[in-house]
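First comes the structure, then the notes that go with it.
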Amino acid sequence: MSHYVVTGGAGFIGSAIVRGLLRDGARRVVVIDNLLTGHESNLEEVRACVEFERADIREYEAIAPLIRGAAVVFHEAAIPSVPRSIDDPAPSHEVNIDGTFNVLRAAREGQAGRVVYAASSSAYGDTEVLPKVESMAPRPKSPYALQKLVGEYYCNVFSGVYGLEAVALRYFNVYGPRQDPTSPYSGVLSVFMKAILERRSPTIFGDGEQSRDFTFVEDVVELNLRAARAKNVSGKVYNGGNGGRITLNEAWALLQRFEDVEIRAKYAAPRPGDVRHSQADTAAAVRDLGHDPRFSFEEGMRRTLEWYRGQ
Ligand code: UD2
């Protein structure tokens, strides 16, 4: 029986894709994760329904047999974070570039049906125009942004040269339940959630007027499932955003409103490598993949906050 593989399947986004696959009726789901940033507990109630393999995508021989013959490989394993890639570039380079190469090579040699690759909106860098369209020239500003872009190019080359079906989805600041708020490199909304529930001030890097197209994780799951089925998309790159744009100050204000509290944020120097504004043009993903984001920022934030409250 042909199977699905989710690399990074014990991570925040990967585990949500695992759940999406199971909801969709997938019979065999193989999770590859080295548990560096993922947690087996992210799989909790679905743990018995999946094959969990603790393996590292930097080790080709370890992952090749797991990927062989897969119907679709959702490649989510990565060392995320712009500042982490600046502080410690070698591990993120090895995982994000060498690891991605290994996954593509294993998919090609093992005749997998398709790879759906988790790319990043960071590839755009600072553009003069918003929203950001796939046809714009990439301008990566950090090692992380460059690494994720190289992964896209590798998908395109494997598609063109070897005929591997590979499609890249540029995620735009995904948030939602299970995003780990405990690392210094955690996504900003998970940090905000923890701060508001503990009635503490978060630290905002810069003036807080930078903006992001925050995308609820369930919309990203749905997009992945659609990208796995879509026709004539191999070698292509699509924005996986919402199409909106929210500043950090607005996001923090919303959480204060939800909780009916007034807590001023602290402000610190801007982070090196930070992009100022980010917003997706979703037209191509809507047209070719049937992308249909359903969660407004308020709705996604409400659901996410309730999840953190329950922890
Ligand atoms: C980038 C990508 C995103 C994804 C992610 C993975 C962009 C626009 N987005 O997210 O798509 O690939 O990398 O890591 O490049 N901040 C604070 N306080 C905090 C933490 C962060 O103010 O405690 C700021 C940070 O300086 C930035 C914003 O919040 O301006 C978002 O930071 P982030 O780390 O959540 O995500 P970002 O945009 O680097």
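Residue numbers start at 1 in each chain; chains themselves are named A, B, ... in the order of the structure tokens; ligands are numbered from 1 in the order shown.
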
Once you count only C-alpha atoms and all ligand atoms, which residues end up within 6 Å of ligand 1, and could you hand them over as an MDAnalysis selection string? chainID A and resid 80:82 120:122 171:173 187:188 191 203:205 210 271 274:275 278

Exercise: Ile196 (chain A) partners within 9 Å, only C-alpha atoms, chain neighbours under 2 positions left out, as a list in words: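 The contact residues come out as Val191, Phe192, Met193, Lys194, Glu198, Arg199, Arg200, Ser201, Pro202, Trp252, Leu255, Gln256, Glu259, Val261 and Ile263 of chain A.
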
Resulting file, chosen residues, all heavy atoms, as a CSV table (one decimal), in the first residue's frame:
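Generated file (selection.csv):
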```csv
chain,number,residue,atom,x,y,z
A,191,VAL,N,4.8,33.5,21.1
A,191,VAL,CA,5.4,34.3,22.3
A,191,VAL,C,4.4,35.2,22.8
A,191,VAL,O,4.2,35.4,24.1
A,191,VAL,CB,6.7,35.0,21.8
A,191,VAL,CG1,7.2,35.9,22.9
A,191,VAL,CG2,7.7,34.1,21.3
A,192,PHE,N,3.6,35.9,22.0
A,192,PHE,CA,2.6,36.8,22.4
A,192,PHE,C,1.5,36.1,23.2
A,192,PHE,O,1.0,36.6,24.2
A,192,PHE,CB,1.9,37.5,21.2
A,192,PHE,CG,2.6,38.7,20.7
A,192,PHE,CD1,3.9,39.0,21.1
A,192,PHE,CD2,2.0,39.5,19.7
A,192,PHE,CE1,4.6,40.1,20.5
A,192,PHE,CE2,2.7,40.6,19.2
A,192,PHE,CZ,4.0,40.9,19.6
A,193,MET,N,1.1,34.9,22.8
A,193,MET,CA,0.1,34.1,23.4
A,193,MET,C,0.5,33.8,24.9
A,193,MET,O,-0.3,33.9,25.8
A,193,MET,CB,-0.2,32.8,22.7
A,193,MET,CG,-0.7,32.9,21.3
A,193,MET,SD,-2.5,33.2,21.3
A,193,MET,CE,-2.7,33.7,19.6
A,194,LYS,N,1.7,33.3,25.0
A,194,LYS,CA,2.2,32.9,26.3
A,194,LYS,C,2.3,34.2,27.2
A,194,LYS,O,1.9,34.1,28.4
A,194,LYS,CB,3.6,32.3,26.1
A,194,LYS,CG,4.2,31.7,27.4
A,194,LYS,CD,5.4,30.8,27.0
A,194,LYS,CE,5.9,29.9,28.1
A,194,LYS,NZ,6.5,30.6,29.2
A,198,GLU,N,0.1,34.9,30.7
A,198,GLU,CA,0.8,35.1,32.0
A,198,GLU,C,0.8,36.5,32.4
A,198,GLU,O,1.5,36.9,33.4
A,198,GLU,CB,2.3,34.6,31.8
A,198,GLU,CG,2.4,33.1,31.5
A,198,GLU,CD,3.8,32.6,31.1
A,198,GLU,OE1,4.7,33.4,31.0
A,198,GLU,OE2,3.9,31.4,30.9
A,199,ARG,N,0.1,37.3,31.7
A,199,ARG,CA,-0.1,38.8,32.0
A,199,ARG,C,1.3,39.5,32.1
A,199,ARG,O,1.6,40.2,33.1
A,199,ARG,CB,-0.9,38.9,33.4
A,199,ARG,CG,-2.2,38.3,33.3
A,199,ARG,CD,-3.1,39.1,32.4
A,199,ARG,NE,-4.5,38.6,32.4
A,199,ARG,CZ,-5.2,37.9,31.5
A,199,ARG,NH1,-4.5,37.4,30.5
A,199,ARG,NH2,-6.4,37.6,31.6
A,200,ARG,N,2.1,39.2,31.1
A,200,ARG,CA,3.5,39.8,31.1
A,200,ARG,C,3.6,40.6,29.8
A,200,ARG,O,2.9,40.3,28.8
A,200,ARG,CB,4.5,38.7,30.9
A,200,ARG,CG,4.9,38.0,32.2
A,200,ARG,CD,6.1,37.0,31.9
A,200,ARG,NE,5.8,36.0,31.0
A,200,ARG,CZ,6.2,35.9,29.7
A,200,ARG,NH1,6.9,36.9,29.2
A,200,ARG,NH2,5.9,34.9,28.9
A,201,SER,N,4.5,41.5,29.8
A,201,SER,CA,4.8,42.3,28.5
A,201,SER,C,5.7,41.4,27.6
A,201,SER,O,6.7,40.9,28.0
A,201,SER,CB,5.6,43.5,28.9
A,201,SER,OG,4.9,44.4,29.7
A,202,PRO,N,5.3,41.4,26.3
A,202,PRO,CA,6.2,40.8,25.4
A,202,PRO,C,7.3,41.8,24.9
A,202,PRO,O,7.1,43.0,25.2
A,202,PRO,CB,5.3,40.5,24.2
A,202,PRO,CG,4.3,41.6,24.2
A,202,PRO,CD,4.1,42.0,25.7
A,252,TRP,N,-0.7,42.5,19.1
A,252,TRP,CA,-0.7,42.6,20.6
A,252,TRP,C,-2.0,43.3,21.1
A,252,TRP,O,-2.5,42.9,22.1
A,252,TRP,CB,0.6,43.3,21.0
A,252,TRP,CG,0.7,43.3,22.5
A,252,TRP,CD1,0.7,44.5,23.3
A,252,TRP,CD2,0.7,42.2,23.4
A,252,TRP,NE1,0.8,44.2,24.6
A,252,TRP,CE2,0.8,42.8,24.7
A,252,TRP,CE3,0.7,40.9,23.3
A,252,TRP,CZ2,0.9,42.0,25.9
A,252,TRP,CZ3,0.8,40.1,24.5
A,252,TRP,CH2,0.8,40.7,25.7
A,255,LEU,N,-4.9,40.8,21.2
A,255,LEU,CA,-4.8,39.9,22.4
A,255,LEU,C,-5.2,40.6,23.7
A,255,LEU,O,-5.9,40.0,24.5
A,255,LEU,CB,-3.4,39.3,22.5
A,255,LEU,CG,-3.1,38.2,21.4
A,255,LEU,CD1,-1.6,37.8,21.6
A,255,LEU,CD2,-4.0,37.0,21.5
A,256,GLN,N,-4.9,41.8,23.8
A,256,GLN,CA,-5.3,42.6,25.0
A,256,GLN,C,-6.8,42.7,25.0
A,256,GLN,O,-7.4,42.6,26.1
A,256,GLN,CB,-4.6,44.0,25.0
A,256,GLN,CG,-3.1,43.9,25.3
A,256,GLN,CD,-2.5,45.3,25.2
A,256,GLN,OE1,-2.6,46.1,26.1
A,256,GLN,NE2,-1.9,45.6,24.0
A,259,GLU,N,-8.5,39.5,26.0
A,259,GLU,CA,-8.4,39.2,27.5
A,259,GLU,C,-8.9,40.3,28.4
A,259,GLU,O,-8.9,40.2,29.6
A,259,GLU,CB,-6.9,38.9,27.8
A,259,GLU,CG,-6.4,37.6,27.2
A,259,GLU,CD,-7.1,36.4,27.8
A,259,GLU,OE1,-6.7,35.9,28.9
A,259,GLU,OE2,-8.0,35.8,27.1
A,261,VAL,N,-7.4,43.2,29.1
A,261,VAL,CA,-6.4,43.7,30.0
A,261,VAL,C,-5.6,44.8,29.2
A,261,VAL,O,-5.6,44.9,28.0
A,261,VAL,CB,-5.4,42.6,30.4
A,261,VAL,CG1,-6.0,41.6,31.3
A,261,VAL,CG2,-4.8,41.9,29.1
A,263,ILE,N,-1.7,45.8,28.9
A,263,ILE,CA,-0.3,45.5,29.2
A,263,ILE,C,0.6,46.1,28.1
A,263,ILE,O,0.4,45.7,26.9
A,263,ILE,CB,0.0,43.9,29.3
A,263,ILE,CG1,-1.0,43.3,30.3
A,263,ILE,CG2,1.4,43.6,29.6
A,263,ILE,CD1,-1.0,41.8,30.3
```

Top pick for closest residue to Leu130 (chain A), considering A:Ser211, A:Thr304, A:Gln179, A:Ser234 and counting only C-alpha atoms: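 Smallest separation from Leu130 (chain A) among the options: A:Ser211.
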
Could you go through region 7-221 of chain A and tell me which residues DSSP, when run on the backbone, assigns to alpha helix (DSSP H), listing them as a ChimeraX atom specification? /A:12-23,60-67,82-87,89-93,100-109,143-162,188-197,217-221

Proximity to Gln279 (chain A) - best of A:Pro131, A:Gly160, A:Gly113, A:Pro65, only C-alpha atoms: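 Among the listed residues, the smallest separation from Gln279 (chain A) belongs to A:Pro131.
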
Which of region 153-249 of chain A end up as strand (DSSP E or B) when DSSP is run on this backbone - answer as JSON, numbers by chain? {"A": [166, 167, 168, 169, 170, 171, 174, 175, 203, 204, 205, 211, 212, 215, 216, 237, 238, 239, 240, 246, 247]}

Arg27 (chain A): which residues within 9 Å, counting only C-alpha atoms, same-chain residues fewer than 3 positions away excluded, as a list in words?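 What passes the distance filter is Met1, Ser2, His3, Tyr4, Leu21, Leu22, Cys49 and Val50 of chain A.
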
Which one is closest to Ser135 (chain A): A:Asn239, A:Phe297, A:Leu164, A:Gly273? Count only C-alpha atoms.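 Answer, going by the shortest atom-to-atom distance: A:Asn239.
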
Between CA of Pro184 (chain A) and CA of Ala265 (chain A), measure the distance and give it in Å to one decimal. 16.9 Å

May I ask which of the residues A:Gly310, A:Gly176, A:Gly235, A:Gly8 is the closest one to Gly38 (chain A), counting only C-alpha atoms? A:Gly8

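Non-sequential neighbours of Tyr144 (chain A) (distance at most 7 Å, separation of 2 or more positions within a chain, only C-alpha atoms) are Ser81, Val82, Ser85, Ser142, Leu146, Gln147 and Lys148 of chain A.
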
For Ala227 (chain A), which of A:Val29, A:Val286, A:Ala64, A:Ala195 is the closest residue, counting only C-alpha atoms? A:Val286

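Going from CA of Tyr238 (chain A) over to CA of Arg170 (chain A), you cover 5.9 Å.
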
Could you tell me how far CA of Arg276 (chain A) lies from CA of Thr247 (chain A), in Å and to one decimal? 9.9 Å

So, with only C-alpha atoms as the atoms that count, which of A:Pro272, A:Gly99, A:Gly241, A:Gly300 lies closest to Lys132 (chain A)?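 Residue with the minimum atom-to-atom distance to Lys132 (chain A): A:Gly241.
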
Got a sec: who's within 8 Å of region 70-78 of chain A, counting only C-alpha atoms, leaving out chain neighbours fewer than 2 positions off, as a PyMOL selection string? chain A and resi 2-9+11+13-14+33+57+67-68+80+92+95-96+100+103+107+110-118+224+228
